[in-house]
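A.B. asks: My structure is in query_15.pdb, and what it holds is PDB, C-alpha atoms:
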ATOM      1  CA  MET P   5      61.844-124.079 -17.222
ATOM      2  CA  GLY P   6      60.605-126.295 -14.417
ATOM      3  CA  GLN P   7      56.973-127.297 -14.650
ATOM      4  CA  ARG P   8      56.814-127.204 -10.851
ATOM      5  CA  TYR P   9      56.849-123.386 -10.818
ATOM      6  CA  ILE P  10      54.086-123.174 -13.412
ATOM      7  CA  ARG P  11      51.915-125.622 -11.491
ATOM      8  CA  LYS P  12      52.557-123.856  -8.189
ATOM      9  CA  MET P  13      51.507-120.542  -9.754
ATOM     10  CA  LEU P  14      48.392-122.076 -11.326
ATOM     11  CA  GLY P  15      47.423-123.603  -7.983
ATOM     12  CA  ARG P  16      47.643-120.227  -6.259
ATOM     13  CA  MET P  17      45.672-118.594  -9.086
ATOM     14  CA  SER P  18      42.665-120.765  -8.299
ATOM     15  CA  GLY P  19      41.903-118.444  -5.367
ATOM     16  CA  GLY P  20      41.255-115.506  -7.711
ATOM     17  CA  GLU P  21      43.709-113.226  -5.877
ATOM     18  CA  PRO P  22      46.832-111.478  -7.208
ATOM     19  CA  VAL P  23      49.763-113.884  -7.335
ATOM     20  CA  GLU P  24      53.519-113.426  -7.194
ATOM     21  CA  ALA P  25      55.525-116.191  -8.834
ATOM     22  CA  THR P  26      59.160-116.881  -9.528
ATOM     23  CA  SER P  27      61.241-119.535 -11.197
ATOM     24  CA  ALA P  28      64.398-121.340 -10.165
ATOM     25  CA  MET P  29      66.439-119.566 -12.815
ATOM     26  CA  GLY P  30      64.717-116.204 -12.470
ATOM     27  CA  THR P  31      65.562-115.344 -16.070
ATOM     28  CA  ILE P  32      63.479-113.080 -18.256
ATOM     29  CA  ARG P  33      62.753-116.065 -20.486
ATOM     30  CA  ALA P  34      61.446-118.164 -17.582
ATOM     31  CA  LEU P  35      59.369-115.288 -16.226
ATOM     32  CA  SER P  36      57.937-114.707 -19.716
ATOM     33  CA  ARG P  37      56.738-118.289 -19.813
ATOM     34  CA  LEU P  38      55.131-117.923 -16.403
ATOM     35  CA  ALA P  39      53.352-114.770 -17.618
ATOM     36  CA  PHE P  40      52.175-116.622 -20.740
ATOM     37  CA  TYR P  41      50.631-119.440 -18.709
ATOM     38  CA  ALA P  42      49.056-116.988 -16.274
ATOM     39  CA  GLN P  43      47.412-115.265 -19.254
ATOM     40  CA  GLN P  44      46.113-118.571 -20.583
ATOM     41  CA  PHE P  45      44.267-119.128 -17.308
ATOM     42  CA  GLY P  46      42.695-115.687 -16.858
ATOM     43  CA  TYR P  47      45.421-113.546 -15.334
ATOM     44  CA  GLU P  48      47.450-110.644 -16.678
ATOM     45  CA  TYR P  49      51.029-109.576 -16.085
ATOM     46  CA  THR P  50      51.419-106.360 -14.097
ATOM     47  CA  GLU P  51      55.061-106.102 -13.045
ATOM     48  CA  VAL P  52      58.315-107.743 -12.047
ATOM     49  CA  ARG P  53      59.945-106.930  -8.716
ATOM     50  CA  GLN P  54      63.215-107.973  -7.192
ATOM     51  CA  ARG P  55      63.232-109.442  -3.710
ATOM     52  CA  GLU P  56      66.136-111.218  -2.060
ATOM     53  CA  ARG P  57      68.096-111.661  -5.296
ATOM     54  CA  LYS P  58      65.088-113.173  -7.080
ATOM     55  CA  TYR P  59      62.709-111.659  -9.559
ATOM     56  CA  LEU P  60      59.044-111.995  -8.702
ATOM     57  CA  LEU P  61      56.430-111.886 -11.420
ATOM     58  CA  ARG P  62      53.146-110.308 -10.307
ATOM     59  CA  VAL P  63      49.945-111.299 -12.078
ATOM     60  CA  VAL P  64      46.383-110.262 -11.304
ATOM     61  CA  PRO P  65      42.996-111.561 -12.454
ATOM     62  CA  ASP P  66      42.022-110.142 -15.838
ATOM     63  CA  PRO P  67      38.339-109.122 -15.691
ATOM     64  CA  SER P  68      37.904-108.752 -19.458
ATOM     65  CA  PRO P  69      35.363-111.047 -21.152
ATOM     66  CA  GLN P  70      38.082-112.300 -23.556
ATOM     67  CA  ALA P  71      40.301-113.334 -20.648
ATOM     68  CA  ARG P  72      37.401-114.993 -18.818
ATOM     69  CA  ALA P  73      36.469-116.954 -21.963
ATOM     70  CA  ARG P  74      40.107-117.974 -22.591
ATOM     71  CA  ALA P  75      40.479-119.085 -18.967
ATOM     72  CA  ALA P  76      37.240-121.099 -19.011
ATOM     73  CA  GLU P  77      38.273-122.810 -22.237
ATOM     74  CA  ASN P  78      41.765-123.644 -20.960
ATOM     75  CA  TRP P  79      40.569-124.859 -17.551
ATOM     76  CA  ALA P  80      38.053-127.103 -19.372
ATOM     77  CA  ARG P  81      40.672-128.341 -21.838
ATOM     78  CA  TYR P  82      43.473-128.712 -19.232
ATOM     79  CA  PRO P  83      41.640-129.398 -15.929
ATOM     80  CA  ASP P  84      44.689-130.954 -14.255
ATOM     81  CA  ALA P  85      47.189-128.281 -15.333
ATOM     82  CA  ALA P  86      47.914-127.273 -11.727
ATOM     83  CA  LEU P  87      48.248-130.901 -10.626
ATOM     84  CA  GLY P  88      50.738-132.187 -13.173
ATOM     85  CA  GLY P  89      48.516-132.609 -16.212
ATOM     86  CA  ALA P  90      49.016-131.195 -19.683
ATOM     87  CA  LEU P  91      49.512-127.479 -20.271
ATOM     88  CA  PRO P  92      48.523-125.382 -23.287
ATOM     89  CA  PRO P  93      51.243-125.276 -25.950
ATOM     90  CA  LEU P  94      53.588-122.289 -25.770
ATOM     91  CA  ASP P  95      53.021-119.553 -28.326
ATOM     92  CA  PRO P  96      56.522-118.257 -29.173
ATOM     93  CA  GLY P  97      55.146-114.901 -30.367
ATOM     94  CA  ALA P  98      53.232-114.262 -27.146
ATOM     95  CA  VAL P  99      56.206-115.339 -25.039
ATOM     96  CA  ALA P 100      58.446-112.955 -27.031
ATOM     97  CA  LEU P 101      56.096-110.062 -26.250
ATOM     98  CA  PHE P 102      56.145-110.920 -22.549
ATOM     99  CA  LYS P 103      59.924-111.118 -22.747
ATOM    100  CA  ALA P 104      60.008-107.613 -24.262
ATOM    101  CA  ARG P 105      57.632-106.210 -21.624
ATOM    102  CA  ILE P 106      59.507-107.760 -18.719
ATOM    103  CA  GLY P 107      62.874-106.764 -20.167
ATOM    104  CA  TYR P 108      61.686-103.193 -20.656
ATOM    105  CA  ASP P 109      60.242-103.041 -17.144
ATOM    106  CA  LEU P 110      63.503-104.296 -15.641
ATOM    107  CA  ALA P 111      65.559-101.844 -17.712
ATOM    108  CA  THR P 112      63.464 -98.907 -16.527
ATOM    109  CA  ARG P 113      63.062 -99.685 -12.835
ATOM    110  CA  PHE P 114      65.639 -96.998 -11.997
ATOM    111  CA  THR P 115      65.987 -93.490 -13.416
ATOM    112  CA  GLU P 116      69.322 -92.537 -14.942
ATOM    113  CA  LYS P 117      70.182 -90.540 -11.805
ATOM    114  CA  GLN P 118      69.428 -93.541  -9.617
ATOM    115  CA  MET P 119      71.467 -95.763 -11.928
ATOM    116  CA  ALA P 120      74.380 -93.317 -11.749
ATOM    117  CA  ALA P 121      74.309 -93.355  -7.944
ATOM    118  CA  ILE P 122      74.052 -97.148  -7.740
ATOM    119  CA  THR P 123      76.819 -97.584 -10.305
ATOM    120  CA  ALA P 124      79.118 -95.070  -8.585
ATOM    121  CA  VAL P 125      78.683 -96.744  -5.208
ATOM    122  CA  GLY P 126      79.086-100.221  -6.698
ATOM    123  CA  PHE P 127      82.195 -99.341  -8.683
ATOM    124  CA  THR P 128      83.715 -97.571  -5.678
ATOM    125  CA  LEU P 129      83.187-100.657  -3.552
ATOM    126  CA  LEU P 130      84.709-102.818  -6.289
ATOM    127  CA  ALA P 131      87.778-100.590  -6.415
ATOM    128  CA  LEU P 132      88.275-100.802  -2.640
ATOM    129  CA  GLY P 133      89.610-104.356  -2.860
ATOM    130  CA  PRO P 134      92.498-103.504  -5.203
ATOM    131  CA  ALA P 135      93.121-100.274  -3.233
ATOM    132  CA  LEU P 136      93.500-102.191   0.009
ATOM    133  CA  ARG P 137      95.548-104.963  -1.561
ATOM    134  CA  PHE P 138      97.817-103.019  -3.938
ATOM    135  CA  GLY P 139      97.598 -99.441  -2.714
ATOM    136  CA  PRO P 140      95.574 -96.316  -3.503
ATOM    137  CA  VAL P 141      97.210 -95.696  -6.895
ATOM    138  CA  ILE P 142      96.138 -99.084  -8.256
ATOM    139  CA  GLY P 143      92.741 -98.774  -6.580
ATOM    140  CA  GLY P 144      92.285 -95.308  -8.059
ATOM    141  CA  GLY P 145      93.219 -96.615 -11.494
ATOM    142  CA  VAL P 146      90.716 -99.465 -11.219
ATOM    143  CA  TRP P 147      88.056 -96.991 -10.084
ATOM    144  CA  ALA P 148      88.816 -94.654 -13.020
ATOM    145  CA  VAL P 149      88.548 -97.521 -15.528
ATOM    146  CA  LEU P 150      85.269 -98.681 -14.022
ATOM    147  CA  MET P 151      83.823 -95.157 -14.016
ATOM    148  CA  ALA P 152      84.843 -94.774 -17.675
ATOM    149  CA  LEU P 153      82.439 -97.638 -18.402
ATOM    150  CA  VAL P 154      79.428 -95.698 -17.088
ATOM    151  CA  PRO P 155      78.664 -93.913 -20.410
ATOM    152  CA  VAL P 156      78.950 -97.254 -22.226
ATOM    153  CA  LEU P 157      76.473 -98.809 -19.802
ATOM    154  CA  TYR P 158      74.044 -95.935 -20.419
ATOM    155  CA  VAL P 159      74.237 -96.426 -24.186
ATOM    156  CA  VAL P 160      73.713-100.174 -23.863
ATOM    157  CA  ASN P 161      70.702 -99.662 -21.562
ATOM    158  CA  ARG P 162      69.148 -97.065 -23.887
ATOM    159  CA  ARG P 163      69.524 -99.364 -26.903
ATOM    160  CA  TYR P 164      68.072-102.272 -24.972
ATOM    161  CA  ARG P 165      65.053-100.186 -23.945
ATOM    162  CA  ALA P 166      64.610 -98.807 -27.482
ATOM    163  CA  LYS P 167      64.707-102.309 -28.992
ATOM    164  CA  HIS P 168      62.003-103.581 -26.655
ATOM    165  CA  ALA P 169      59.918-100.406 -26.960
ATOM    166  CA  ALA P 170      59.940-100.711 -30.768
ATOM    167  CA  LEU P 171      58.835-104.356 -30.580
ATOM    168  CA  LEU P 172      56.026-103.530 -28.145
ATOM    169  CA  GLU P 173      54.813-100.505 -30.136
ATOM    170  CA  ALA P 174      54.794-102.592 -33.326
ATOM    171  CA  ALA P 175      52.560-105.105 -31.510
ATOM    172  CA  GLY P 176      50.124-102.342 -30.516
ATOM    173  CA  PHE P 177      51.190-101.868 -26.900
ATOM    174  CA  LEU P 178      50.658 -98.384 -25.543
ATOM    175  CA  PRO P 179      53.168 -96.322 -23.552
ATOM    176  CA  VAL P 180      51.772 -95.199 -20.206
ATOM    177  CA  THR P 181      53.508 -92.963 -17.682
ATOM    178  CA  GLU P 182      52.932 -94.100 -14.117
ATOM    179  CA  PRO P 183      52.485 -91.652 -11.209
ATOM    180  CA  ASP P 184      56.153 -92.082 -10.253
ATOM    181  CA  GLY P 185      57.181 -90.953 -13.768
ATOM    182  CA  ARG P 186      58.158 -94.413 -14.997
ATOM    183  CA  LEU P 187      57.211 -95.268 -18.575
ATOM    184  CA  ARG P 188      55.684 -98.710 -19.106
ATOM    185  CA  TYR P 189      53.955-100.476 -21.971
ATOM    186  CA  VAL P 190      50.479-101.913 -21.556
ATOM    187  CA  PRO P 191      48.442-103.998 -23.965
ATOM    188  CA  PRO P 192      45.814-102.172 -26.002
ATOM    189  CA  ALA P 193      42.305-102.247 -24.619
ATOM    190  CA  PRO P 194      40.225-105.037 -26.150
ATOM    191  CA  PRO P 195      37.527-103.924 -28.552
ATOM    192  CA  LEU P 196      34.120-103.358 -27.029
ATOM    193  CA  GLY P 197      31.179-105.432 -27.989
TER     194      GLY P 197
END
Could you rewrite the structure in this file as structure tokens?
C.D. replies:
Amino acid sequence: MGQRYIRKMLGRMSGGEPVEATSAMGTIRALSRLAFYAQQFGYEYTEVRQRERKYLLRVVPDPSPQARARAAENWARYPDAALGGALPPLDPGAVALFKARIGYDLATRFTEKQMAAITAVGFTLLALGPALRFGPVIGGGVWAVLMALVPVLYVVNRRYRAKHAALLEAAGFLPVTEPDGRLRYVPPAPPLG
């Protein structure tokens, strides 16, 4: 992943405000690395949104004493991180947990009803091309084949979510239902004292 995106995010974090960041590739892996570096400098991952065909990672300042101490230590150890200097080494385990959280969040951004509607519209539009080019029989056949894939897509999505949920639960993350009914995983609260 390009260091430029990390440094740009770190520079914006110096203001202490919530930050939205993206990467050139916009992959879950790249976003996970951005979330890892944000955490190292006192921020916490809150969500991923899609805007204009790009995924945006949203991070906010973490007020916990552990996060403040970690940020102070890393800013002291890597004072030029936002300007092209050295960065903390990546922790593959922490990045894997961010990857699971982001992957789960992306897999659950739509309900199954919303996914069915989006898929039906998308597959219908895909079948229009063959229908216009080769006639309604061919177009209808293409549409029927595409619609037959819908149950397969549901199974794949459910397995993907279950895999990430199991990884997050094993790491101590807690399932939380948001006001809109969406289930997300949040890190456990740090111990008091």
A.B. asks: Measuring between only C-alpha atoms, which one of P:Met13, P:Val159, P:Met119, P:Ala75 shows the shortest distance to Leu61 (chain P)?
C.D. replies: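 Smallest distance to Leu61 (chain P) is found for P:Met13.
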A.B. asks: Quick one: which residues end up in the PyMOL selection byres ((chain P and resi 40-51) around 6) for this structure, as a PDB file with C-alpha atoms, keeping the file's coordinate frame?
C.D. replies:
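As written to disk, part.pdb reads:
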ATOM      1  CA  ARG P  37      56.738-118.289 -19.813  1.00  0.00           C
ATOM      2  CA  LEU P  38      55.131-117.923 -16.403  1.00  0.00           C
ATOM      3  CA  ALA P  39      53.352-114.770 -17.618  1.00  0.00           C
ATOM      4  CA  VAL P  52      58.315-107.743 -12.047  1.00  0.00           C
ATOM      5  CA  ARG P  62      53.146-110.308 -10.307  1.00  0.00           C
ATOM      6  CA  VAL P  63      49.945-111.299 -12.078  1.00  0.00           C
ATOM      7  CA  VAL P  64      46.383-110.262 -11.304  1.00  0.00           C
ATOM      8  CA  PRO P  65      42.996-111.561 -12.454  1.00  0.00           C
ATOM      9  CA  ASP P  66      42.022-110.142 -15.838  1.00  0.00           C
ATOM     10  CA  ALA P  71      40.301-113.334 -20.648  1.00  0.00           C
ATOM     11  CA  ARG P  72      37.401-114.993 -18.818  1.00  0.00           C
ATOM     12  CA  ALA P  75      40.479-119.085 -18.967  1.00  0.00           C
TER      13      ALA P  75
END
A.B. asks: With distances taken over all atoms listed in the file, which of P:Arg33, P:Arg81, P:Arg137, P:Arg8 is nearest to Pro93 (chain P)?
C.D. replies: P:Arg81
A.B. asks: CA of Ala85 (chain P) and CA of Lys12 (chain P), how far apart in Å?
C.D. replies: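 Those two atoms sit 10.0 Å apart.
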A.B. asks: Return the single residue from P:Ala152, P:Ala120, P:Leu110, P:Leu136 that is closest to Arg186 (chain P), with distances computed using all atoms listed in the file.
C.D. replies: P:Leu110
A.B. asks: Quote the spacing between CA of Gly144 (chain P) and CA of Lys117 (chain P) in Å to one decimal place.
C.D. replies: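 Interatomic distance here is 22.9 Å.
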A.B. asks: Give me the residues within 10 Å of region 175-185 of chain P as a ChimeraX atom specification, counting only C-alpha atoms and dropping any in the same chain fewer than 6 places off.
C.D. replies: /P:101,105,115,169,191-193
A.B. asks: Which is closest to Arg16 (chain P) among P:Ala104, P:Leu172, P:Ala148, P:Leu87, if we use all atoms listed in the file?
C.D. replies: P:Leu87
A.B. asks: Mind giving me the straight-line distance from CA of Gly107 (chain P) to CA of Ala174 (chain P) in Å, one decimal?
C.D. replies: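 If I compute the distance from CA of Gly107 (chain P) to CA of Ala174 (chain P), I get 16.0 Å.
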